$ cat final_16.tsv   # TSV, C-alpha atoms and all ligand atoms
chain	number	residue	atom	x	y	z
A	1094	MET	CA	0.06	3.26	-26.25
A	1095	PRO	CA	2.36	6.07	-25.08
A	1096	LEU	CA	2.41	6.70	-21.31
A	1097	ARG	CA	0.92	10.15	-21.68
A	1098	ALA	CA	-2.13	8.74	-23.48
A	1099	LEU	CA	-2.60	6.02	-20.86
A	1100	PHE	CA	-3.06	8.57	-18.10
A	1101	LYS	CA	-5.79	10.39	-19.94
A	1102	LEU	CA	-7.93	7.29	-19.35
A	1103	PRO	CA	-10.25	7.64	-16.34
A	1104	GLY	CA	-9.56	5.58	-13.22
A	1105	ARG	CA	-5.85	5.25	-13.95
A	1106	LEU	CA	-4.61	7.12	-10.92
A	1107	ILE	CA	-5.01	4.12	-8.60
A	1108	SER	CA	-4.17	0.93	-10.45
A	1109	LYS	CA	-2.79	-2.56	-10.01
A	1110	ASP	CA	-0.81	-2.39	-13.25
A	1111	LEU	CA	2.82	-3.23	-12.42
A	1112	HIS	CA	3.89	-2.80	-16.01
A	1113	ILE	CA	2.81	0.84	-16.15
A	1114	ALA	CA	4.38	1.49	-12.75
A	1115	ALA	CA	7.69	0.06	-13.98
A	1116	GLU	CA	7.52	2.13	-17.19
A	1117	LEU	CA	6.91	5.33	-15.25
A	1118	LEU	CA	9.77	4.61	-12.85
A	1119	ARG	CA	12.14	3.78	-15.71
A	1120	SER	CA	11.29	7.11	-17.31
A	1121	GLY	CA	12.19	9.04	-14.14
A	1122	GLN	CA	8.67	9.62	-12.81
A	1123	LEU	CA	7.18	9.03	-9.37
A	1124	VAL	CA	4.82	6.23	-8.34
A	1125	GLY	CA	3.00	5.56	-5.06
A	1126	ILE	CA	3.88	2.04	-3.92
A	1127	PRO	CA	2.32	-0.21	-1.28
A	1128	THR	CA	4.44	-1.72	1.46
A	1129	GLU	CA	3.47	-3.63	4.57
A	1130	THR	CA	4.20	-0.55	6.71
A	1131	VAL	CA	2.90	2.53	4.86
A	1132	TYR	CA	2.64	3.62	1.21
A	1133	GLY	CA	5.87	5.01	-0.25
A	1134	LEU	CA	6.47	7.74	-2.82
A	1135	ALA	CA	8.95	5.97	-5.09
A	1136	ALA	CA	11.50	7.02	-7.69
A	1137	ASN	CA	14.53	5.46	-9.35
A	1138	GLY	CA	17.06	5.51	-6.47
A	1139	CYS	CA	19.96	5.77	-8.92
A	1140	ASP	CA	18.61	8.84	-10.73
A	1141	PRO	CA	19.26	12.01	-8.67
A	1142	LYS	CA	16.80	14.02	-10.78
A	1143	ALA	CA	14.01	11.54	-10.17
A	1144	VAL	CA	14.83	11.52	-6.42
A	1145	ALA	CA	14.73	15.33	-6.42
A	1146	GLY	CA	11.16	15.00	-7.69
A	1147	ILE	CA	10.21	13.21	-4.46
A	1148	PHE	CA	11.48	16.12	-2.34
A	1149	ASP	CA	9.66	18.63	-4.53
A	1150	LEU	CA	6.32	16.81	-4.53
A	1151	LYS	CA	6.41	16.13	-0.78
A	1152	ASP	CA	7.72	19.60	0.00
A	1153	ARG	CA	10.35	17.78	2.05
A	1154	PRO	CA	13.54	19.54	3.15
A	1155	ARG	CA	16.61	18.27	1.34
A	1156	PHE	CA	18.37	17.55	4.66
A	1157	ASP	CA	16.00	14.63	5.34
A	1158	PRO	CA	17.38	11.53	3.57
A	1159	VAL	CA	15.30	8.73	2.02
A	1160	ILE	CA	15.36	4.93	2.28
A	1161	LEU	CA	16.44	2.69	-0.62
A	1162	HIS	CA	14.16	-0.31	-1.17
A	1163	PHE	CA	15.47	-3.58	-2.62
A	1164	ALA	CA	13.95	-6.89	-3.75
A	1165	ASP	CA	16.39	-9.03	-1.77
A	1166	PRO	CA	19.57	-8.81	0.33
A	1167	ASP	CA	21.83	-9.97	-2.54
A	1168	ARG	CA	21.12	-6.74	-4.39
A	1169	VAL	CA	22.37	-4.38	-1.65
A	1170	GLU	CA	26.09	-5.20	-1.90
A	1171	PRO	CA	27.12	-2.53	-4.48
A	1172	TYR	CA	25.53	0.22	-2.39
A	1173	VAL	CA	26.94	-0.41	1.10
A	1174	LYS	CA	30.05	-1.40	2.99
A	1175	GLY	CA	30.82	-2.17	6.64
A	1176	ASN	CA	29.44	-4.88	8.86
A	1177	MET	CA	27.82	-7.00	6.16
A	1178	ALA	CA	27.82	-10.09	8.38
A	1179	MET	CA	25.45	-8.35	10.79
A	1180	ALA	CA	23.43	-6.90	7.91
A	1181	HIS	CA	22.91	-10.33	6.38
A	1182	SER	CA	22.08	-11.93	9.70
A	1183	LEU	CA	19.42	-9.25	10.39
A	1184	PHE	CA	18.07	-9.41	6.85
A	1185	ARG	CA	17.82	-13.21	7.11
A	1186	ALA	CA	15.89	-12.91	10.36
A	1187	PHE	CA	13.60	-9.96	9.57
A	1188	SER	CA	13.37	-9.43	5.81
A	1189	PRO	CA	11.33	-8.92	3.88
A	1190	GLY	CA	9.90	-6.88	6.73
A	1191	ALA	CA	9.63	-3.66	8.65
A	1192	LEU	CA	13.32	-3.23	9.41
A	1193	THR	CA	15.53	-0.55	7.85
A	1194	LEU	CA	19.30	-0.88	8.28
A	1195	LEU	CA	21.73	2.02	8.20
A	1196	LEU	CA	25.20	1.26	6.80
A	1197	PRO	CA	28.09	3.28	5.32
A	1198	LYS	CA	27.32	4.03	1.66
A	1199	THR	CA	29.47	3.48	-1.42
A	1200	ASP	CA	29.87	6.02	-4.25
A	1201	LYS	CA	27.02	4.31	-6.07
A	1202	VAL	CA	24.57	6.10	-3.75
A	1203	SER	CA	24.08	9.73	-4.68
A	1204	ASP	CA	24.16	12.48	-2.07
A	1205	ILE	CA	20.57	13.50	-2.61
A	1206	VAL	CA	19.44	10.07	-1.31
A	1207	THR	CA	21.41	10.39	1.95
A	1208	ALA	CA	21.20	14.21	2.22
A	1209	GLY	CA	24.99	14.25	2.08
A	1210	LEU	CA	25.36	11.86	5.03
A	1211	PRO	CA	27.90	9.04	4.80
A	1212	LYS	CA	25.33	6.34	5.63
A	1213	VAL	CA	22.43	4.98	3.61
A	1214	ALA	CA	19.19	3.41	4.83
A	1215	LEU	CA	18.13	0.09	3.22
A	1216	ARG	CA	14.99	-1.96	3.45
A	1217	ILE	CA	13.32	-4.97	1.84
A	1218	PRO	CA	9.58	-4.33	2.04
A	1219	ASP	CA	7.19	-7.22	2.67
A	1220	HIS	CA	4.58	-6.63	0.00
A	1221	SER	CA	4.30	-9.04	-2.92
A	1222	MET	CA	3.29	-6.37	-5.45
A	1223	THR	CA	6.21	-4.10	-4.63
A	1224	LEU	CA	8.64	-7.03	-4.47
A	1225	ASP	CA	7.52	-8.03	-7.98
A	1226	LEU	CA	8.01	-4.44	-9.14
A	1227	LEU	CA	11.49	-4.27	-7.58
A	1228	ARG	CA	12.49	-7.56	-9.25
A	1229	GLU	CA	11.49	-6.14	-12.60
A	1230	LEU	CA	13.60	-2.99	-12.20
A	1231	PRO	CA	17.38	-2.75	-12.57
A	1232	PHE	CA	17.63	-0.18	-9.74
A	1233	PRO	CA	16.46	0.18	-6.11
A	1234	LEU	CA	13.55	2.48	-5.30
A	1235	ALA	CA	14.11	5.56	-3.16
A	1236	ALA	CA	10.90	6.06	-1.20
A	1237	PRO	CA	9.82	8.07	1.83
A	1238	SER	CA	6.29	7.71	3.14
A	1239	ALA	CA	3.85	9.06	0.54
A	1240	ASN	CA	2.54	12.04	2.49
A	1241	LEU	CA	3.19	15.75	2.40
A	1242	PHE	CA	6.05	16.64	4.73
A	1243	GLY	CA	4.93	16.68	8.37
A	1244	ARG	CA	1.62	14.89	7.70
A	1245	THR	CA	0.26	11.50	8.73
A	1246	SER	CA	1.65	8.57	6.73
A	1247	PRO	CA	-0.74	6.87	4.27
A	1248	THR	CA	-1.90	3.30	4.83
A	1249	ARG	CA	-4.33	3.13	1.89
A	1250	PRO	CA	-4.01	4.19	-1.76
A	1251	GLU	CA	-6.68	6.87	-1.37
A	1252	HIS	CA	-4.68	8.52	1.45
A	1253	VAL	CA	-1.97	9.08	-1.17
A	1254	THR	CA	-4.22	10.45	-3.91
A	1255	GLU	CA	-5.97	12.72	-1.38
A	1256	GLN	CA	-2.63	14.40	-0.68
A	1257	PHE	CA	-1.09	14.56	-4.15
A	1258	GLY	CA	-4.02	14.38	-6.56
A	1259	LYS	CA	-3.09	14.46	-10.23
A	1260	GLU	CA	0.46	15.60	-9.55
A	1261	LEU	CA	1.30	11.94	-8.94
A	1262	PRO	CA	0.77	9.90	-12.12
A	1263	LEU	CA	0.04	6.57	-10.41
A	1264	VAL	CA	-0.52	4.86	-7.08
A	1265	LEU	CA	-0.17	1.08	-7.18
A	1266	ASP	CA	-3.15	-0.39	-5.38
A	1267	GLY	CA	-1.89	-2.93	-2.87
A	1268	GLY	CA	-4.80	-2.51	-0.46
A	1269	ALA	CA	-4.50	-1.56	3.21
A	1270	CYS	CA	-1.02	-1.82	4.77
A	1271	ALA	CA	-0.89	-4.82	7.11
A	1272	VAL	CA	1.58	-3.42	9.66
A	1273	GLY	CA	0.41	0.18	9.36
A	1274	ILE	CA	3.35	1.88	11.07
A	1275	GLU	CA	6.75	2.66	9.52
A	1276	SER	CA	9.80	0.42	9.68
A	1277	THR	CA	12.16	0.31	12.64
A	1278	ILE	CA	15.44	2.05	11.75
A	1279	LEU	CA	18.56	0.38	13.12
A	1280	ASP	CA	21.99	1.94	12.62
A	1281	ILE	CA	24.53	-0.89	12.42
A	1282	SER	CA	27.40	1.23	11.17
A	1283	GLU	CA	29.00	1.81	14.60
A	1284	LYS	CA	30.28	-0.67	17.20
A	1285	LYS	CA	26.90	-0.91	18.91
A	1286	PRO	CA	23.62	-1.06	16.97
A	1287	LEU	CA	21.38	1.92	17.73
A	1288	ILE	CA	17.64	2.28	17.12
A	1289	LEU	CA	16.90	5.61	15.41
A	1290	ARG	CA	13.17	5.02	14.98
A	1291	GLN	CA	10.82	2.58	16.70
A	1292	GLY	CA	8.66	0.81	14.16
A	1293	GLY	CA	7.08	-2.39	12.92
A	1294	ILE	CA	9.83	-4.72	14.18
A	1295	SER	CA	9.96	-4.43	17.95
A	1296	GLN	CA	13.04	-3.59	19.97
A	1297	GLU	CA	12.41	-6.79	21.95
A	1298	ALA	CA	12.56	-8.92	18.76
A	1299	LEU	CA	15.83	-7.29	17.68
A	1300	GLU	CA	17.36	-7.77	21.13
A	1301	ALA	CA	16.28	-11.43	21.19
A	1302	HIS	CA	17.98	-11.95	17.82
A	1303	LEU	CA	21.20	-10.12	18.70
A	1304	GLY	CA	21.36	-11.49	22.23
A	1305	TYR	CA	21.94	-8.16	23.96
A	1306	ALA	CA	20.17	-4.92	24.85
A	1307	ILE	CA	20.07	-2.17	22.22
A	1308	GLU	CA	19.96	1.53	22.93
A	1309	SER	CA	17.71	3.93	21.13
A	1310	LYS	CA	18.23	7.56	20.29
A	1311	LEU	CA	14.89	8.77	19.12
A	1312	SER	CA	13.70	12.31	19.28
A	1313	SER	CA	15.59	15.09	17.65
A	1314	SER	CA	15.16	18.19	15.58
A	1315	ARG	CA	18.72	17.89	14.30
A	1316	PRO	CA	19.17	17.06	10.65
A	1317	GLU	CA	21.81	14.40	11.37
A	1318	ALA	CA	19.25	12.31	13.20
A	1319	PRO	CA	16.68	12.78	10.50
A	1320	GLY	CA	13.19	11.48	10.26
A	1321	MET	CA	13.07	12.04	13.87
A	1322	ILE	CA	12.10	15.62	13.46
A	1323	HIS	CA	10.00	15.75	16.53
A	1324	SER	CA	6.86	17.42	15.29
A	1325	HIS	CA	5.45	15.18	12.60
A	1326	TYR	CA	2.47	13.01	11.64
A	1327	SER	CA	-0.03	15.87	11.75
A	1328	PRO	CA	-3.57	14.82	10.73
A	1329	GLY	CA	-4.28	18.48	9.86
A	1330	CYS	CA	-5.72	19.48	13.24
A	1331	PRO	CA	-4.34	19.62	16.80
A	1332	VAL	CA	-3.75	16.32	18.63
A	1333	ALA	CA	-3.68	16.22	22.43
A	1334	LEU	CA	-2.65	13.28	24.59
A	1335	MET	CA	-4.85	12.02	27.42
A	1336	LYS	CA	-3.48	10.48	30.57
A	1337	ASP	CA	-5.51	8.26	32.91
A	1338	ASP	CA	-8.73	9.09	31.02
A	1339	VAL	CA	-8.40	12.75	31.95
A	1340	PHE	CA	-8.80	15.58	29.44
A	1341	PRO	CA	-6.26	18.28	30.14
A	1342	ASN	CA	-7.34	21.94	30.08
A	1343	GLU	CA	-10.78	22.73	28.68
A	1344	GLY	CA	-11.93	19.12	28.18
A	1345	PHE	CA	-13.96	17.38	25.50
A	1346	GLN	CA	-16.22	19.56	23.34
A	1347	ASP	CA	-18.81	18.75	20.68
A	1348	GLY	CA	-17.15	17.77	17.40
A	1349	ASP	CA	-13.88	16.65	19.03
A	1350	ARG	CA	-12.65	13.15	18.22
A	1351	ILE	CA	-11.05	10.56	20.52
A	1352	ILE	CA	-8.68	7.73	19.60
A	1353	ARG	CA	-8.75	5.04	22.28
A	1354	PHE	CA	-6.66	1.90	22.72
A	1355	ARG	CA	-9.17	-0.79	23.73
A	1356	SER	CA	-12.34	0.56	25.30
A	1357	LEU	CA	-14.84	3.40	25.04
A	1358	LEU	CA	-14.54	6.29	27.42
A	1359	ASP	CA	-17.66	6.83	29.58
A	1360	GLY	CA	-19.47	10.12	29.37
A	1361	VAL	CA	-18.44	10.92	25.79
A	1362	PRO	CA	-20.56	10.18	22.67
A	1363	GLU	CA	-19.67	6.80	21.17
A	1364	LYS	CA	-19.63	8.18	17.62
A	1365	ALA	CA	-16.80	10.53	18.55
A	1366	GLN	CA	-14.56	7.61	19.51
A	1367	ILE	CA	-12.37	5.19	17.55
A	1368	ILE	CA	-11.05	2.10	19.30
A	1369	LEU	CA	-7.77	0.73	17.94
A	1370	SER	CA	-8.00	-2.81	19.33
A	1371	THR	CA	-10.78	-4.21	21.49
A	1372	GLN	CA	-8.46	-7.19	22.13
A	1373	GLY	CA	-5.78	-4.86	23.50
A	1374	ASP	CA	-3.36	-6.04	20.80
A	1375	VAL	CA	-0.70	-3.43	20.00
A	1376	ARG	CA	-0.08	-4.90	16.52
A	1377	GLU	CA	-3.73	-4.53	15.60
A	1378	ALA	CA	-3.66	-1.02	17.09
A	1379	ALA	CA	-0.62	-0.12	14.95
A	1380	SER	CA	-2.36	-1.31	11.80
A	1381	ARG	CA	-5.31	1.02	12.54
A	1382	LEU	CA	-3.54	4.06	13.94
A	1383	PHE	CA	-2.86	6.14	10.83
A	1384	LYS	CA	-6.30	5.45	9.33
A	1385	ALA	CA	-7.81	6.58	12.63
A	1386	LEU	CA	-5.78	9.80	12.44
A	1387	HIS	CA	-6.70	10.34	8.77
A	1388	ASP	CA	-10.41	9.66	9.38
A	1389	SER	CA	-10.58	11.79	12.53
A	1390	GLY	CA	-8.68	14.63	10.88
A	1391	SER	CA	-10.96	14.61	7.83
A	1392	THR	CA	-13.95	15.61	10.00
A	1393	GLU	CA	-12.04	18.82	10.85
A	1394	PRO	CA	-12.44	18.55	14.60
A	1395	ARG	CA	-11.21	21.24	16.97
A	1396	VAL	CA	-8.91	18.62	18.48
A	1397	ILE	CA	-8.23	14.87	18.37
A	1398	TRP	CA	-7.69	13.42	21.84
A	1399	ALA	CA	-5.50	10.33	21.89
A	1400	GLU	CA	-4.70	7.73	24.50
A	1401	CYS	CA	-1.23	6.16	24.58
A	1402	VAL	CA	-0.93	2.34	24.52
A	1403	PRO	CA	1.28	0.08	26.69
A	1404	GLU	CA	4.95	0.95	26.08
A	1405	LYS	CA	6.04	-2.46	24.86
A	1406	GLY	CA	6.63	-4.13	21.49
A	1407	VAL	CA	5.13	-2.14	18.62
A	1408	GLY	CA	3.37	-0.05	21.29
A	1409	ARG	CA	6.58	1.99	21.58
A	1410	ALA	CA	6.24	3.00	17.92
A	1411	ILE	CA	2.55	3.90	18.35
A	1412	ASN	CA	3.29	6.12	21.34
A	1413	ASP	CA	6.19	7.74	19.50
A	1414	ARG	CA	3.91	8.66	16.56
A	1415	LEU	CA	1.17	9.95	18.88
A	1416	ARG	CA	3.65	12.13	20.80
A	1417	ARG	CA	5.00	13.56	17.54
A	1418	ALA	CA	1.49	14.16	16.18
A	1419	ALA	CA	0.70	15.98	19.43
A	1420	ARG	CA	3.72	18.24	18.93
A	1421	ALA	CA	3.04	18.92	15.24
A	1422	GLN	CA	1.91	22.34	14.05
A	1423	THR	CA	-1.15	22.10	11.85
B	1501	LIG	O1	8.29	1.91	6.60
B	1501	LIG	C1	9.02	2.77	6.10
B	1501	LIG	O2	10.19	2.93	6.46
B	1501	LIG	C2	8.42	3.63	4.98
B	1501	LIG	C3	8.17	2.76	3.76
B	1501	LIG	C4	7.67	3.55	2.58
B	1501	LIG	O3	9.32	2.04	3.44
B	1501	LIG	N1	9.30	4.70	4.65
B	1501	LIG	C5	9.46	5.77	5.46
B	1501	LIG	O4	10.28	6.75	4.93
B	1501	LIG	O5	8.93	5.88	6.55
B	1501	LIG	P1	10.37	8.21	5.56
B	1501	LIG	O6	11.31	8.97	4.67
B	1501	LIG	O7	9.05	8.77	5.74
B	1501	LIG	O8	11.08	7.93	6.93
B	1501	LIG	C6	12.38	7.37	6.91
B	1501	LIG	C7	13.22	8.03	7.92
B	1501	LIG	C8	13.37	9.48	7.59
B	1501	LIG	O9	12.85	10.21	8.63
B	1501	LIG	C9	14.84	9.70	7.42
B	1501	LIG	O10	15.24	10.84	8.09
B	1501	LIG	C10	15.48	8.46	7.99
B	1501	LIG	O11	14.53	7.46	7.82
B	1501	LIG	N2	16.64	8.16	7.18
B	1501	LIG	C11	16.67	7.82	5.87
B	1501	LIG	N3	17.95	7.73	5.43
B	1501	LIG	C12	18.73	8.03	6.48
B	1501	LIG	C13	20.13	8.14	6.66
B	1501	LIG	N4	20.97	7.93	5.65
B	1501	LIG	N5	20.60	8.47	7.88
B	1501	LIG	C14	19.74	8.70	8.90
B	1501	LIG	N6	18.40	8.63	8.79
B	1501	LIG	C15	17.90	8.29	7.61
B	1502	MG	MG	7.63	9.78	6.65
$ encode --input "final_16.tsv" --output "structure tokens"
Amino acid sequence: MPLRALFKLPGRLISKDLHIAAELLRSGQLVGIPTETVYGLAANGCDPKAVAGIFDLKDRPRFDPVILHFADPDRVEPYVKGNMAMAHSLFRAFSPGALTLLLPKTDKVSDIVTAGLPKVALRIPDHSMTLDLLRELPFPLAAPSANLFGRTSPTRPEHVTEQFGKELPLVLDGGACAVGIESTILDISEKKPLILRQGGISQEALEAHLGYAIESKLSSSRPEAPGMIHSHYSPGCPVALMKDDVFPNEGFQDGDRIIRFRSLLDGVPEKAQIILSTQGDVREAASRLFKALHDSGSTEPRVIWAECVPEKGVGRAINDRLRRAARAQT
């Protein structure tokens, strides 16, 4: 059956059919793919026209480069040069997993992928469905998070279809994302590794592996430190951060929502509150954060109040996303 006919069938938008996903990608179209971090909006990473489609659908500025996803470390060699010993050591320790490495690119990587920058971001996602898809394809997949530019990243297939509707032919249904927060981005192209984004692999784990402290350079509105555009992750309504259980300014009002780390806040209706981890586990909190933002935002509250979590491990990434959501324009 031709692809066009397949998509006239009802219920095809979210599907587990790897074969159709591969066909679409081979023909230059976009597919929503599951990863352990967040859903990606994928295209053939070696086809500049297909990659351009990602920017158009997301309404993403062309200065913000995208990550290339591979099935295994052996496949990255034609695309990068530089400190491959460190790359392989990190891949061996953390891949497949929530670590993205930045290395100097070869000519095989087109400028639209890196937004004209000399380095390319690489990652091996830890999701069996997407690894099977990548093994079937003769090219890597370029994929940013599958949300409209500036919005909260999707951690379920329906978050993707809610944002793109029929403009996206297919979202592969890989269930809820286990990690729930994007990958850690580590630039290993200079003498000293540098964290450009806190994410699913903690700074502490990377430092333990490397045997020394790593610096991070996180927030920026400059295109050369992309992704880190500091207002981001908007759930579609204002987000305000709480400190020490205190509401700044006018305080809680009916209809507002609250995202809490481990316990309910006294004096506020229980149904207005979402707790990320009653155990106080930052990993569990990370896996629930974006769904909490999506769900709270979908009730169209005046404001979502959010409490930061302990600044350690994956907690750093959670706080980073909350701070950016709080700065985002809606
Ligand atoms: O977990 C993840 O990393 C998810 C899944 C789908 O893999 N992807 C993701 O992509 O979060 P995205 O585009 O939403 O965020 C990746 C960030 C971007 O903000 C981008 O600016 C930065 O990585 N990035 C990509 N390529 C880069 C490059 N060549 N140099 C500097 N930063 C880069
Ligand atoms: Mg993103």
$ residues_near_ligand --input "final_16.tsv" --ligand "ligand MG 1502 (chain B)" --cutoff "12 Å" --atoms "all atoms listed in the file" --output "PyMOL selection string"
chain A and resi 1130-1134+1147-1148+1151-1154+1157-1160+1236-1248+1274-1276+1290+1292+1319-1327+1383+1414+1417
$ closest_residue --input "final_16.tsv" --among "A:Ala1418, A:Met1177, A:Ile1307, A:Ile1278" --to "ligand LIG 1501 (chain B)" --atoms "all atoms listed in the file"
A:Ile1278
$ closest_residue --input "final_16.tsv" --among "A:Val1339, A:Leu1161, A:Leu1150, A:Ala1214" --to "ligand LIG 1501 (chain B)" --atoms "only C-alpha atoms and all ligand atoms"
A:Ala1214
$ residues_around --input "final_16.tsv" --residues "A:Asn1412" --least-positions-apart "6" --cutoff "9 Å" --atoms "only C-alpha atoms" --output "MDAnalysis selection string"
chainID A and resid 1400:1404
$ axis_aligned_box --input "final_16.tsv" --around "ligand LIG 1501 (chain B)" --padding-each-side "6 Å" --output "AutoDock Vina command-line options"
--center_x 14.3 --center_y 6.4 --center_z 5.7 --size_x 25.3 --size_y 20.9 --size_z 18.3
$ closest_residue --input "final_16.tsv" --among "A:Glu1255, A:Asp1219, A:Glu1260, A:Asp1413" --to "A:Phe1163" --atoms "all atoms listed in the file"
A:Asp1219
$ closest_residue --input "final_16.tsv" --among "A:Val1124, A:Val1396, A:Cys1139, A:Ala1298" --to "A:Pro1250" --atoms "all atoms listed in the file"
A:Val1124
$ closest_residue --input "final_16.tsv" --among "A:Ala1114, A:Ala1208, A:Ile1367, A:Val1173" --to "ligand LIG 1501 (chain B)" --atoms "all atoms listed in the file"
A:Ala1208
$ closest_residue --input "final_16.tsv" --among "A:Ala1186, A:Leu1118, A:Ile1368, A:Leu1215" --to "A:Glu1170" --atoms "all atoms listed in the file"
A:Leu1215
$ atom_distance --input "final_16.tsv" --atom1 "atom CA of A:Leu1311" --atom2 "atom CA of A:Thr1193"
14.6 Å
$ atom_distance --input "final_16.tsv" --atom1 "atom CA of A:Gly1390" --atom2 "atom CA of A:Ile1352"
11.1 Å
$ atom_distance --input "final_16.tsv" --atom1 "atom CA of A:Leu1415" --atom2 "atom CA of A:His1220"
25.4 Å
$ residues_near_point --input "final_16.tsv" --point "(-16.2, 11.4, 18.2)" --cutoff "6 Å" --atoms "all atoms listed in the file" --output "PDB file with C-alpha atoms, keeping the file's coordinate frame"
ATOM      1  CA  ASP A1349     -13.880  16.650  19.030  1.00  0.00           C
ATOM      2  CA  ARG A1350     -12.650  13.150  18.220  1.00  0.00           C
ATOM      3  CA  ILE A1351     -11.050  10.560  20.520  1.00  0.00           C
ATOM      4  CA  LYS A1364     -19.630   8.180  17.620  1.00  0.00           C
ATOM      5  CA  ALA A1365     -16.800  10.530  18.550  1.00  0.00           C
ATOM      6  CA  GLN A1366     -14.560   7.610  19.510  1.00  0.00           C
TER       7      GLN A1366
END
$ build_atoms --input "final_16.tsv" --residues "stretch 1325-1339 of chain A" --atoms "N, CA, C and O atoms" --output "tab-separated table (two decimals), in the frame of the given file"
chain	number	residue	atom	x	y	z
A	1325	HIS	N	5.67	15.94	13.83
A	1325	HIS	CA	5.45	15.18	12.60
A	1325	HIS	C	4.10	14.51	12.69
A	1325	HIS	O	3.45	14.55	13.72
A	1326	TYR	N	3.67	13.85	11.61
A	1326	TYR	CA	2.47	13.01	11.64
A	1326	TYR	C	1.18	13.79	11.88
A	1326	TYR	O	0.23	13.27	12.43
A	1327	SER	N	1.17	15.07	11.50
A	1327	SER	CA	-0.03	15.87	11.75
A	1327	SER	C	-1.21	15.41	10.89
A	1327	SER	O	-1.09	15.30	9.68
A	1328	PRO	N	-2.38	15.16	11.51
A	1328	PRO	CA	-3.57	14.82	10.73
A	1328	PRO	C	-4.27	16.07	10.20
A	1328	PRO	O	-5.38	15.97	9.66
A	1329	GLY	N	-3.68	17.25	10.39
A	1329	GLY	CA	-4.28	18.48	9.86
A	1329	GLY	C	-5.07	19.26	10.91
A	1329	GLY	O	-5.70	20.25	10.59
A	1330	CYS	N	-5.07	18.75	12.14
A	1330	CYS	CA	-5.72	19.48	13.24
A	1330	CYS	C	-4.93	19.15	14.50
A	1330	CYS	O	-4.13	18.22	14.52
A	1331	PRO	N	-5.12	19.90	15.59
A	1331	PRO	CA	-4.34	19.62	16.80
A	1331	PRO	C	-4.63	18.23	17.38
A	1331	PRO	O	-5.77	17.76	17.30
A	1332	VAL	N	-3.60	17.60	17.91
A	1332	VAL	CA	-3.75	16.32	18.63
A	1332	VAL	C	-3.31	16.57	20.07
A	1332	VAL	O	-2.29	17.23	20.30
A	1333	ALA	N	-4.07	16.08	21.02
A	1333	ALA	CA	-3.68	16.22	22.43
A	1333	ALA	C	-3.71	14.85	23.09
A	1333	ALA	O	-4.59	14.03	22.80
A	1334	LEU	N	-2.73	14.59	23.93
A	1334	LEU	CA	-2.65	13.28	24.59
A	1334	LEU	C	-3.43	13.29	25.90
A	1334	LEU	O	-3.39	14.26	26.64
A	1335	MET	N	-4.11	12.16	26.15
A	1335	MET	CA	-4.85	12.02	27.42
A	1335	MET	C	-4.05	11.12	28.33
A	1335	MET	O	-3.39	10.19	27.87
A	1336	LYS	N	-4.13	11.38	29.61
A	1336	LYS	CA	-3.48	10.48	30.57
A	1336	LYS	C	-4.52	10.07	31.61
A	1336	LYS	O	-5.27	10.92	32.10
A	1337	ASP	N	-4.57	8.78	31.90
A	1337	ASP	CA	-5.51	8.26	32.91
A	1337	ASP	C	-6.94	8.73	32.66
A	1337	ASP	O	-7.63	9.13	33.60
A	1338	ASP	N	-7.36	8.73	31.39
A	1338	ASP	CA	-8.73	9.09	31.02
A	1338	ASP	C	-9.11	10.52	31.38
A	1338	ASP	O	-10.29	10.85	31.51
A	1339	VAL	N	-8.10	11.37	31.56
A	1339	VAL	CA	-8.40	12.75	31.95
A	1339	VAL	C	-8.10	13.67	30.78
A	1339	VAL	O	-7.05	13.55	30.13
